[in-house]
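J.: For reference, the file input-v1.csv (CSV, C-alpha atoms) is included below:
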```csv
chain,number,residue,atom,x,y,z
A,1,MET,CA,114.0,-228.7,7.0
A,2,ILE,CA,114.0,-226.4,10.0
A,3,GLY,CA,115.1,-226.2,13.5
A,4,ALA,CA,113.9,-226.3,17.1
A,5,HIS,CA,113.0,-222.6,17.4
A,6,ASP,CA,113.3,-219.2,15.6
A,7,ILE,CA,114.3,-215.7,16.6
A,8,ALA,CA,110.7,-214.6,16.9
A,9,GLY,CA,110.2,-217.1,19.7
A,10,SER,CA,107.7,-219.4,18.0
A,11,SER,CA,108.6,-223.1,18.2
A,12,ILE,CA,109.3,-225.9,15.8
A,13,MET,CA,109.1,-229.4,17.2
A,14,PRO,CA,112.6,-230.3,18.4
A,15,GLN,CA,112.4,-233.8,17.1
A,16,THR,CA,112.1,-232.6,13.5
A,17,ILE,CA,115.6,-231.2,13.3
A,18,ASP,CA,116.9,-234.1,15.3
A,19,PHE,CA,115.5,-236.4,12.7
A,20,TYR,CA,117.3,-234.8,9.9
A,21,ASN,CA,120.6,-234.5,11.8
A,22,GLN,CA,120.4,-238.2,12.8
A,23,ASN,CA,119.2,-239.4,9.4
A,24,ALA,CA,121.0,-237.0,7.0
A,25,PRO,CA,122.9,-239.6,4.9
A,26,THR,CA,119.8,-241.8,4.5
A,27,PHE,CA,117.5,-238.8,3.7
A,28,TYR,CA,120.1,-237.5,1.2
A,29,ASP,CA,120.3,-240.8,-0.6
A,30,SER,CA,116.6,-241.1,-0.8
A,31,THR,CA,116.0,-237.7,-2.3
A,32,ILE,CA,119.1,-236.8,-4.3
A,33,SER,CA,118.1,-238.7,-7.4
A,34,ILE,CA,114.4,-237.7,-7.5
A,35,ASP,CA,113.4,-236.2,-10.9
A,36,ALA,CA,111.7,-232.9,-9.9
A,37,GLY,CA,111.8,-231.6,-13.5
A,38,SER,CA,108.1,-231.3,-13.8
A,39,LEU,CA,108.1,-228.9,-10.8
A,40,TYR,CA,110.9,-226.9,-12.2
A,41,GLN,CA,108.9,-226.4,-15.4
A,42,GLU,CA,106.2,-224.6,-13.4
A,43,PHE,CA,108.6,-222.3,-11.6
A,44,LEU,CA,111.6,-221.4,-13.7
A,45,PRO,CA,109.8,-220.0,-16.8
A,46,LEU,CA,108.4,-217.3,-14.4
A,47,ILE,CA,111.9,-216.2,-13.5
A,48,THR,CA,114.2,-214.1,-15.7
A,49,ALA,CA,117.1,-216.1,-17.2
A,50,GLY,CA,120.0,-215.9,-14.9
A,51,GLY,CA,117.9,-214.5,-12.1
A,52,ARG,CA,118.4,-215.0,-8.3
A,53,VAL,CA,116.7,-217.9,-6.6
A,54,LEU,CA,116.6,-218.6,-2.8
A,55,ASP,CA,116.3,-222.3,-1.9
A,56,ALA,CA,114.6,-222.2,1.5
A,57,GLY,CA,115.1,-225.4,3.4
A,58,CYS,CA,117.2,-227.0,0.6
A,59,GLY,CA,117.7,-230.5,2.1
A,60,SER,CA,120.1,-232.4,0.0
A,61,GLY,CA,120.8,-229.4,-2.3
A,62,ARG,CA,119.4,-231.3,-5.3
A,63,ASP,CA,117.2,-228.4,-6.5
A,64,SER,CA,119.9,-225.8,-5.9
A,65,LEU,CA,122.3,-227.7,-8.1
A,66,ALA,CA,119.7,-228.1,-10.8
A,67,PHE,CA,119.0,-224.4,-10.8
A,68,MET,CA,122.7,-223.5,-10.9
A,69,ARG,CA,123.3,-225.8,-13.8
A,70,GLN,CA,120.6,-223.9,-15.7
A,71,GLY,CA,122.3,-220.6,-15.1
A,72,TYR,CA,120.5,-219.2,-12.1
A,73,GLU,CA,122.3,-217.5,-9.3
A,74,VAL,CA,121.4,-219.5,-6.2
A,75,GLU,CA,121.5,-219.0,-2.4
A,76,ALA,CA,120.4,-221.8,-0.1
A,77,PHE,CA,119.9,-222.5,3.6
A,78,ASP,CA,118.7,-225.4,5.8
A,79,GLY,CA,117.9,-225.6,9.5
A,80,SER,CA,119.7,-229.0,9.9
A,81,PRO,CA,123.5,-228.5,10.1
A,82,ALA,CA,124.0,-232.0,8.8
A,83,MET,CA,121.9,-231.4,5.7
A,84,ALA,CA,123.5,-228.0,5.1
A,85,GLU,CA,126.9,-229.6,5.1
A,86,LEU,CA,125.8,-232.3,2.6
A,87,ALA,CA,124.2,-229.7,0.4
A,88,SER,CA,127.4,-227.6,0.5
A,89,LYS,CA,129.4,-230.5,-0.7
A,90,LEU,CA,127.0,-231.3,-3.5
A,91,THR,CA,126.7,-227.8,-4.8
A,92,ASP,CA,130.2,-226.6,-4.1
A,93,MET,CA,128.8,-223.4,-2.4
A,94,LYS,CA,128.3,-222.4,1.2
A,95,VAL,CA,124.8,-223.4,2.2
A,96,LYS,CA,123.8,-221.5,5.3
A,97,HIS,CA,122.7,-223.2,8.5
A,98,CYS,CA,119.7,-221.2,9.8
A,99,LEU,CA,116.0,-221.4,10.4
A,100,PHE,CA,113.4,-219.8,8.2
A,101,ARG,CA,112.9,-216.7,10.3
A,102,GLU,CA,116.6,-216.5,11.2
A,103,TYR,CA,117.4,-216.0,7.5
A,104,HIS,CA,118.6,-212.5,6.5
A,105,SER,CA,120.0,-211.1,3.3
A,106,PHE,CA,120.8,-207.8,1.8
A,107,GLN,CA,119.7,-209.2,-1.6
A,108,GLN,CA,116.3,-209.7,-3.0
A,109,PHE,CA,115.4,-212.7,-5.2
A,110,ASP,CA,113.4,-213.2,-8.3
A,111,GLY,CA,112.1,-216.5,-6.9
A,112,ILE,CA,111.9,-218.4,-3.7
A,113,TRP,CA,111.8,-222.2,-3.7
A,114,ALA,CA,110.5,-224.0,-0.7
A,115,CYS,CA,110.0,-227.6,-1.8
A,116,ALA,CA,108.7,-229.9,1.0
A,117,SER,CA,110.2,-227.7,3.7
A,118,LEU,CA,107.6,-225.3,5.0
A,119,LEU,CA,105.4,-228.3,5.8
A,120,HIS,CA,107.4,-228.7,9.1
A,121,VAL,CA,106.4,-225.3,10.4
A,122,PRO,CA,103.5,-225.4,12.8
A,123,HIS,CA,100.2,-224.0,11.4
A,124,THR,CA,100.2,-221.1,13.9
A,125,ASP,CA,103.6,-220.0,12.6
A,126,LEU,CA,103.1,-220.3,8.9
A,127,ARG,CA,101.7,-216.8,8.3
A,128,ASP,CA,104.6,-215.1,10.0
A,129,THR,CA,107.1,-217.4,8.2
A,130,PHE,CA,105.6,-216.4,4.8
A,131,ILE,CA,105.8,-212.7,5.7
A,132,HIS,CA,109.4,-213.0,6.8
A,133,LEU,CA,110.5,-214.8,3.6
A,134,ALA,CA,108.4,-212.6,1.3
A,135,GLN,CA,110.4,-209.5,2.3
A,136,TYR,CA,113.3,-211.0,0.3
A,137,LEU,CA,111.2,-211.4,-2.8
A,138,LYS,CA,111.3,-208.7,-5.6
A,139,PRO,CA,108.0,-207.1,-6.5
A,140,GLU,CA,106.0,-209.6,-8.6
A,141,GLY,CA,108.5,-212.3,-7.6
A,142,VAL,CA,107.4,-215.9,-7.5
A,143,PHE,CA,107.4,-218.3,-4.6
A,144,TYR,CA,107.0,-222.1,-4.9
A,145,CYS,CA,105.9,-224.1,-1.9
A,146,SER,CA,104.6,-227.6,-1.4
A,147,PHE,CA,102.7,-229.4,1.4
A,148,LYS,CA,101.2,-232.8,1.8
A,149,GLN,CA,97.6,-232.4,0.8
A,150,GLY,CA,95.1,-232.5,3.7
A,151,GLN,CA,94.2,-230.8,6.9
A,152,GLY,CA,95.5,-230.7,10.4
A,153,GLU,CA,98.9,-231.4,12.0
A,154,GLU,CA,100.6,-234.6,13.1
A,155,ASP,CA,103.8,-235.9,14.5
A,156,ARG,CA,104.9,-239.0,12.5
A,157,GLY,CA,108.2,-240.8,12.2
A,158,GLY,CA,110.1,-238.3,14.3
A,159,ARG,CA,108.9,-235.3,12.5
A,160,HIS,CA,106.1,-232.7,12.7
A,161,PHE,CA,103.9,-232.1,9.7
A,162,THR,CA,101.4,-229.4,8.8
A,163,HIS,CA,99.0,-230.5,6.1
A,164,LEU,CA,97.2,-228.0,3.9
A,165,ASP,CA,94.6,-227.9,1.2
A,166,ASN,CA,94.2,-225.0,-1.2
A,167,ASP,CA,91.5,-223.2,0.8
A,168,GLU,CA,93.6,-223.3,4.0
A,169,LEU,CA,96.7,-222.0,2.2
A,170,GLU,CA,94.7,-219.2,0.7
A,171,SER,CA,93.5,-218.3,4.2
A,172,ILE,CA,97.0,-218.3,5.7
A,173,LEU,CA,98.3,-216.0,2.9
A,174,LYS,CA,95.9,-213.2,3.8
A,175,THR,CA,97.9,-210.1,4.9
A,176,THR,CA,101.3,-211.8,3.9
A,177,GLY,CA,101.7,-209.8,0.7
A,178,LEU,CA,101.5,-213.1,-1.3
A,179,HIS,CA,98.7,-214.6,-3.3
A,180,ILE,CA,98.2,-217.9,-5.1
A,181,HIS,CA,99.0,-217.6,-8.8
A,182,LYS,CA,98.5,-221.3,-9.5
A,183,TYR,CA,98.1,-224.5,-7.5
A,184,TRP,CA,98.1,-228.2,-8.6
A,185,ILE,CA,98.1,-231.6,-7.0
A,186,THR,CA,100.8,-234.2,-7.7
A,187,GLN,CA,101.7,-237.7,-6.7
A,188,ASP,CA,104.7,-238.2,-4.4
A,189,LEU,CA,107.8,-238.4,-6.7
A,190,ARG,CA,109.4,-241.1,-4.6
A,191,PRO,CA,109.1,-244.7,-5.8
A,192,GLY,CA,106.5,-246.7,-3.8
A,193,ARG,CA,104.8,-243.6,-2.4
A,194,GLU,CA,102.7,-242.7,-5.4
A,195,ASP,CA,99.5,-242.9,-3.3
A,196,GLU,CA,100.6,-239.8,-1.3
A,197,ARG,CA,99.3,-236.5,-2.7
A,198,TRP,CA,101.0,-233.1,-2.6
A,199,LEU,CA,99.6,-229.6,-2.8
A,200,ASN,CA,102.0,-227.5,-5.0
A,201,ALA,CA,101.5,-223.7,-5.3
A,202,ILE,CA,103.1,-220.9,-7.2
A,203,LEU,CA,102.6,-217.7,-5.2
A,204,LYS,CA,103.3,-214.1,-6.4
A,205,LYS,CA,104.2,-211.1,-4.4
A,206,ASP,CA,101.5,-208.4,-4.4
```
Represent the structure contained in this file as structure tokens.

T.:
Amino acid sequence: MIGAHDIAGSSIMPQTIDFYNQNAPTFYDSTISIDAGSLYQEFLPLITAGGRVLDAGCGSGRDSLAFMRQGYEVEAFDGSPAMAELASKLTDMKVKHCLFREYHSFQQFDGIWACASLLHVPHTDLRDTFIHLAQYLKPEGVFYCSFKQGQGEEDRGGRHFTHLDNDELESILKTTGLHIHKYWITQDLRPGREDERWLNAILKKD
């Protein structure tokens, strides 16, 4: 999840962060128990055991906790202060409150995990957001991201969504220093939403 603006001046729909702040406990409860193991199996084998992972837009902190339990060194941030606080309590680590392009680190990571988070970035800002995050990825590092499969943008249920298919993602990644290593389509992991389709992608740094 992300916030109302970033330091480069491009905008995120303000209602998106308001949604997560106002609905943090409900969103936490609806996502914390989701079994994302099938996604981890595509990502973690590409990272050295005990490597560093950045959870970008971590939400509840579910994935950060899973990675920590498997021995990875994890750093996480979220643009919603309410979600960052809940994730901090779950993981027992300090989850930063910042937006994607506000994030800065003196460290580089073996992997970046952006599960259902970048989909809130407007299409026009996605390329610059990928470029910003990629600078914290080691050479040949891996970057997982997921978007609702489709095309176009919409405001729905108090949030802004950018939908992508593989061709559009590939187009966005040009000149970012990232390329698609693998992509696949999955059903939504939440009960009752199996008809929704997600584009999952493993990116690698050039």

J.: Just checking: using all atoms listed in the file, which residue out of A:Gly50, A:Pro81, A:Gly61, A:Pro139 ends up closest to Gln22 (chain A)?

T.: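 Selected residue with least distance to Gln22 (chain A): A:Pro81.
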
J.: When you draw a straight line from CA of Ser88 (chain A) to CA of Trp198 (chain A), how long is it in Å?

T.: 27.1 Å

J.: At a cut-off of 7 Å, using only C-alpha atoms, what residues contact Ala114 (chain A)? Leave out same-chain residues fewer than 6 positions from it and give the result as a list in words.

T.: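 Counting only the stated atoms, we get Asp55, Ala56, Gly57, Tyr144, Cys145 and Ser146 of chain A.
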
J.: Quick one: residues within 8 Å of Val121 (chain A), all atoms listed in the file, excluding same-chain residues fewer than 2 positions away - as a PDB file with C-alpha atoms, in the frame of the given file?

T.:
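Resulting contents of selection22.pdb:
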```pdb
ATOM      1  CA  ILE A   2     114.000-226.400  10.000  1.00  0.00           C
ATOM      2  CA  ILE A  12     109.300-225.900  15.800  1.00  0.00           C
ATOM      3  CA  LEU A 118     107.600-225.300   5.000  1.00  0.00           C
ATOM      4  CA  LEU A 119     105.400-228.300   5.800  1.00  0.00           C
ATOM      5  CA  HIS A 123     100.200-224.000  11.400  1.00  0.00           C
ATOM      6  CA  ASP A 125     103.600-220.000  12.600  1.00  0.00           C
ATOM      7  CA  LEU A 126     103.100-220.300   8.900  1.00  0.00           C
ATOM      8  CA  HIS A 160     106.100-232.700  12.700  1.00  0.00           C
ATOM      9  CA  PHE A 161     103.900-232.100   9.700  1.00  0.00           C
ATOM     10  CA  THR A 162     101.400-229.400   8.800  1.00  0.00           C
TER      11      THR A 162
END
```

J.: For CA of Asp18 (chain A) and CA of Gly79 (chain A), determine how far apart the two atoms are, in Å to one decimal place.

T.: 10.3 Å

J.: Per residue of region 29-104 of chain A within 12 Å of region 128-137 of chain A, what are the shortest atom pair and its distance in Å to one decimal, counting all atoms listed in the file, with rows by chain and residue number, as a tab-separated table?

T.:
```
residue	atom	partner	partner_atom	distance
A:Ile47	CA	A:Leu137	CA	11.7
A:Gly51	CA	A:Leu137	CA	11.9
A:Arg52	CA	A:Leu137	CA	9.7
A:Val53	CA	A:Leu137	CA	9.3
A:Leu54	CA	A:Tyr136	CA	8.8
A:Asp55	CA	A:Leu133	CA	11.0
A:Ala56	CA	A:Leu133	CA	8.7
A:Gly57	CA	A:Leu133	CA	11.6
A:Glu75	CA	A:Tyr136	CA	11.8
A:Leu99	CA	A:Thr129	CA	10.0
A:Phe100	CA	A:Thr129	CA	6.7
A:Arg101	CA	A:His132	CA	6.2
A:Glu102	CA	A:His132	CA	9.1
A:Tyr103	CA	A:Leu133	CA	8.0
A:His104	CA	A:Tyr136	CA	8.3
```

J.: Given only C-alpha atoms as the basis, pick out the residue of A:Lys204, A:Arg127, A:Arg62, A:Arg197 nearest to Gly150 (chain A).

T.: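 Looking only at the distances to Gly150 (chain A), the closest residue turns out to be A:Arg197.
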
J.: I need the residue nearest Lys138 (chain A) from this list: A:Val95, A:Ala116, A:Ala82, A:Leu178. Use only C-alpha atoms for the distance.

T.: A:Leu178

J.: Give me the residues near Gln15 (chain A) as an MDAnalysis selection string, where near means some atom within 10 Å (using only C-alpha atoms) and where sequence neighbours in that chain fewer than 4 positions away do not count.

T.: chainID A and resid 3:4 19:21 155 157:160

J.: Could you please determine the separation between CA of Leu65 (chain A) and CA of Asn23 (chain A) in Å, to one decimal place?

T.: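 About the pair CA of Leu65 (chain A) and CA of Asn23 (chain A): they are 21.3 Å apart.
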
J.: Hey, which of A:Asp78, A:Cys58, A:Ile202, A:Tyr183 ends up closest to Pro45 (chain A)? Count all atoms listed in the file.

T.: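 Checking each of A:Asp78, A:Cys58, A:Ile202, A:Tyr183 against Pro45 (chain A), counting all atoms listed in the file, the winner is A:Ile202.
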
J.: Can you pull out every residue within 9 Å of Phe67 (chain A), counting all atoms listed in the file, but drop anything in the same chain fewer than 4 positions away, and send it as a ChimeraX atom specification?

T.: /A:40,44,53,62-63,71-74

J.: For Glu42 (chain A), please output as a ChimeraX atom specification all residues within 12 Å (counting all atoms listed in the file; exclusion window: fewer than 3 positions along the same chain).

T.: /A:36-39,45-47,111,113,142-145,181-184,200-203

J.: From the options A:Gln149, A:Ser60, A:Ser105, A:Thr48, which residue's atoms come nearest to Ala84 (chain A), counting only C-alpha atoms?

T.: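 The shortest atom-to-atom distance to Ala84 (chain A) comes from A:Ser60.
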
J.: With only C-alpha atoms as the atoms that count, which of A:Ser80, A:Ala87, A:Pro25, A:Ala49 lies nearest to Ser64 (chain A)?

T.: A:Ala87
